[in-house]
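Trainee: Pasting a structure below so you can have a look.
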Amino acid sequence: MGVVALVPAAGRGERLGYGMPKALVPVDGVPLLVRAVRGLLASGRVRHVVIAAPPSDVDAVSTVTAPLAQAGGAVYVVAGGAERSDSVRLALTHALREIPDTSIVLVHDAARAFTPPSVVGAVVDAVAAGHPAVIPVLPVADTVKQVDSTGVVVATPDRAALRVVQTPQGFDARVLLRAHESGLHATDDAGLVERLGVPVVTVPGHPDAMKVTTKFDLAVAEALLAGSGG
Ligand code: CTP
Ligand code: MG
């Protein structure tokens with residue numbers, strides 16, 4: 001069973017505003033991307049990693065991630081695309097071309113650098129058990145409203161039936177390829193697969209798998225690290 005993790009890391013990190021691609025932003029001296037890849041490998045399930053880097057930073061990303069490769073595995077870096085979905089597709093194409101036996105693919109945001117390895121393991125195990133698409137989720141803490149274009153509330157969905165979605169999202173490799181070749185659009189990979197009519201199942205996510213988007217999130221990440229002793 002070949003498990004390959006694709007790591008979209010080609011964003012500019014504009015909302016964080018750190019003056020460098022978010023994937024390379026250090027937290028306690030270690031770039032977010034390095035932390036994300038370490039977490040994937042620490043699950044004991046992932047052998048190969050394909051990172052989509054900002055096109056102008058492929059060399060810098062290769063330099064910081066090459067030492068992470070484990071025995072029998074490799075860390076590849078490809079140039080990412082204009083949108084996250086383009087970066088995922090480019091990394092997926094590379095994985096299917098270069099890595100024989102790719103049967104399960106994870107897609108994991110570099111920005112979710114503190115995802116516990118146990119979440120990675122739960123996602124891989126559920127795909128290996130026969131589910132073609134698996135996502136980690138959390139309950140919704142706030143009440144959510146649907147509004148119209150003028151901001152007037154039109155509906156209040158039952159919060160108990162809502163979930164927020166994290167990564168890594170796990171897929172049968174052929175299903176993810178079909179989703180990306182479909183020409184459909186969605187805000188995450190599971191959304192694409194869902195549009196194909198393939199069932200998407202959920203496993204419990206973890207608060208630490210938060211996405212670092214803003215300076216506030218970076219402060220939370222620093223607090224997380226301080227609390228865990230490193
Ligand atoms: N991503 C990517 N290719 C893109 C855009 C985003 O690989 N063209 C990646 C980011 O590097 C990140 C993940 O997708 O790991 C989630 O995106 P987001 O949190 O929006 O990161 P950025 O796009 O870097 O941030 P911003 O939108 O604030 O610029
Ligand atoms: Mg973005």
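Naming scheme: A, B, ... for chains in displayed order of the structure tokens; residues 1 onward per chain; ligands 1 onward as shown.
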List all protein, DNA and RNA residues that have an atom no more than 7 Å from any atom of ligand 1, counting only C-alpha atoms and all ligand atoms, and report them as an MDAnalysis selection string.

Mentor: chainID A and resid 8:16 21:23 52:53 80:84 86:88 109:111 211:213

Trainee: Could the residues in this selection be written to a file with C-alpha atoms, as a PDB file, in the first residue's frame?

Mentor:
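And here is the file that came out, out_13.pdb:
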```pdb
ATOM      1  CA  PRO A   8       0.130  22.419  -1.144  1.00  0.00           C
ATOM      2  CA  ALA A   9       2.560  25.086   0.063  1.00  0.00           C
ATOM      3  CA  ALA A  10       2.598  27.496  -2.869  1.00  0.00           C
ATOM      4  CA  GLY A  11       0.452  30.262  -1.359  1.00  0.00           C
ATOM      5  CA  ARG A  12       1.798  33.771  -0.772  1.00  0.00           C
ATOM      6  CA  GLY A  13       0.551  34.061   2.788  1.00  0.00           C
ATOM      7  CA  GLU A  14      -0.974  37.464   2.135  1.00  0.00           C
ATOM      8  CA  ARG A  15      -3.325  37.464   5.111  1.00  0.00           C
ATOM      9  CA  LEU A  16      -0.454  36.584   7.431  1.00  0.00           C
ATOM     10  CA  PRO A  21       5.590  32.595   1.657  1.00  0.00           C
ATOM     11  CA  LYS A  22       3.633  31.280   4.648  1.00  0.00           C
ATOM     12  CA  ALA A  23       5.136  27.794   4.315  1.00  0.00           C
ATOM     13  CA  ALA A  52       3.961  22.229  -4.243  1.00  0.00           C
ATOM     14  CA  ALA A  53       6.154  25.277  -3.595  1.00  0.00           C
ATOM     15  CA  GLY A  80       2.813  25.070  -7.531  1.00  0.00           C
ATOM     16  CA  GLY A  81       0.086  26.860  -9.482  1.00  0.00           C
ATOM     17  CA  ALA A  82      -2.023  30.016  -9.309  1.00  0.00           C
ATOM     18  CA  GLU A  83      -4.770  28.500  -7.123  1.00  0.00           C
ATOM     19  CA  ARG A  84      -4.558  25.861  -4.410  1.00  0.00           C
ATOM     20  CA  ASP A  86      -3.755  23.922  -9.363  1.00  0.00           C
ATOM     21  CA  SER A  87      -1.002  23.197  -6.838  1.00  0.00           C
ATOM     22  CA  VAL A  88      -2.724  19.982  -5.740  1.00  0.00           C
ATOM     23  CA  ASP A 109      -2.067  22.117   3.845  1.00  0.00           C
ATOM     24  CA  ALA A 110       1.399  23.273   4.885  1.00  0.00           C
ATOM     25  CA  ALA A 111      -0.482  25.858   6.935  1.00  0.00           C
ATOM     26  CA  LYS A 211      -4.942  26.482   9.767  1.00  0.00           C
ATOM     27  CA  VAL A 212      -2.454  29.295  10.338  1.00  0.00           C
ATOM     28  CA  THR A 213      -4.013  32.097   8.292  1.00  0.00           C
TER      29      THR A 213
END
```

Trainee: Report as JSON, numbers by chain all protein, DNA and RNA residues lying within 12 Å of Val137 (chain A), evaluated on only C-alpha atoms, omitting residues in the same chain fewer than 4 positions from it.

Mentor: {"A": [119, 122, 123, 161, 162, 163, 164, 165, 166, 167, 168, 169, 190, 200, 201, 202, 203, 204, 205, 206, 207, 208, 209, 210]}

Trainee: Going by DSSP on the backbone, which bits of region 4-195 of chain A are alpha helix (DSSP H)? Write them as an MDAnalysis selection string, please.

Mentor: chainID A and resid 32:42 58:65 84:98 117:128 173:181 189:195

Trainee: Ranking A:Pro117, A:Gly17, A:Gly183, A:Gly197 by minimum distance to ligand 2 and counting only C-alpha atoms and all ligand atoms, which one comes first?

Mentor: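 Of the candidates, the smallest distance to ligand 2 is held by A:Gly17.
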
Trainee: Extract, using only C-alpha atoms, all DNA, RNA and protein residues at most 9 Å from Val49 (chain A), discarding same-chain residues fewer than 3 positions from it, and format them as a list in words.

Mentor: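 The contact residues come out as Val3, Val4, Ala5, Leu6, Val7, Val37, Leu40, Leu41, Val46, Ala69, Gly73, Ala74, Val75, Tyr76, Val77 and Ala95 of chain A.
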